[in-house]
Structure formats: structure tokens, C-alpha cells
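Below is one structure; the comments refer to it alone.
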Amino acid sequence: MPIYEYRCHGCHRRVSILVRSPSESSITCPSCGSLELNRLFSAFSIRKSDQAVYEGILSDSHLVRGLESDDPRALAEWNKRMSRGEKVGPEYEEVLDNLEAGQWPDVHKLQADYFKEAGEVSEKSAEEPAEEG
Ligand SMILES: [Zn+2]
């Protein structure tokens, strides 16, 4: 079963939700219960409002050169600009700290954390009470 990412209008969080079928309509935010969820197709998809930020980054030749040469600090700066001060999770802050220090984060650890999180989501939906009435 696929896990999709949504942006919740209720609490403005990005949430990962296990969806049994793409046409499922009873998707609620696991954080606040809101039904107003926008499906995110990719973590790196560029919204229209991000276009200006993105162009600003591309016009920064120093930053672009850093990205092209896989400079972790350039990636940290890129992240900072793209998130525009939006709150990131504590585990993500750790990654940014690493990048700013010029170190690549442990990708395997990141993947393990991601799947751990996904596992928690599926556990939560499995715990939903089945009985009715
Ligand atoms: Zn919510």
C-alpha cells in the first residue's frame, strides 16, 4: 500500500498517510483530523509561489556552482531558501547542521528514520477500531 504525502490545511503540516486506494475519500490528517488535505506529488515539486525563490537561487552563481560541485553547504543554503523559514523537524535540523558544517548526512540513517516513521503511520491506521455500533 502506498504512502502519500499531503499538506494539511488544518494544521499546515506535511503528513504522510497510508492510502489503501488512490480514490479513497476518507483521508484525514493524523495530526488534527482535518479533511482538507492537498496531495503532494513530490517533496521537491516546485509550487508556483516557489518559482521566484527558485529563480533567485539560480541567479546566485556562487550557490549554483556549489550545488553543481556537491558542496553540502550550498545544499544547506538551498534548503534554507526553499523552506523560507518554515519549521523543519528536529531530525531535519540535524541534517542541516551537518550540511552547514560541510558534512553529508548519513543517508542510510535517514532512510531508516523515514521507514520507521512510515511504519508508525501504518501501525496507527491498523489500530483504528474495527467494530461498529
Ligand atoms: Zn492537520
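Residues in the C-alpha cells are numbered from 1 in each chain, the chains being A, B, ... in the order shown, and ligands are numbered from 1 in the order shown.
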Practice problem: Would you list the residues that come within 12 Å of ligand 1? Count only C-alpha atoms and all ligand atoms and give the answer as number ranges by chain. | Solution: A: 6-17, 27-38
Exercise. Grab the CA of Asp70 in chain A to CA of Glu100 in chain A distance for me, in Å with one decimal place.
Key: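 Those two atoms sit 12.7 Å apart.
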Neighbour list for Asp97 in chain A as a JSON list (two decimals) with C-alpha atoms, in the first residue's frame, cut-off 12 Å, only C-alpha atoms, skip fewer than 6 positions in-chain:
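Result file follows (result-v8.json):
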```json
[["chain", "number", "residue", "atom", "x", "y", "z"],
["A", 72, "PRO", "CA", 26.96, 20.32, 1.36],
["A", 73, "ARG", "CA", 26.94, 23.95, 2.47],
["A", 75, "LEU", "CA", 22.69, 22.39, -0.33],
["A", 76, "ALA", "CA", 22.05, 23.67, 3.19],
["A", 77, "GLU", "CA", 21.68, 27.19, 1.81],
["A", 79, "ASN", "CA", 17.23, 24.16, 1.66],
["A", 80, "LYS", "CA", 17.08, 27.27, 3.79],
["A", 90, "PRO", "CA", 14.28, 18.17, 14.64],
["A", 91, "GLU", "CA", 15.79, 15.32, 12.62],
["A", 103, "GLN", "CA", 29.37, 17.12, 6.02],
["A", 104, "TRP", "CA", 26.99, 14.90, 4.14],
["A", 105, "PRO", "CA", 24.40, 13.34, 6.45]]
```
Practice problem: Using CA of Asn98 in chain A and CA of Ile3 in chain A as the two end points, give the distance in Å to one decimal. | Solution: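 Computing the Euclidean distance for CA of Asn98 in chain A and CA of Ile3 in chain A yields 27.7 Å.
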Exercise. Calculate how many Å separate CA of Gly56 in chain A from CA of Asp71 in chain A, rounding to one decimal.
Key: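 One can read the CA of Gly56 in chain A to CA of Asp71 in chain A distance as 18.3 Å.
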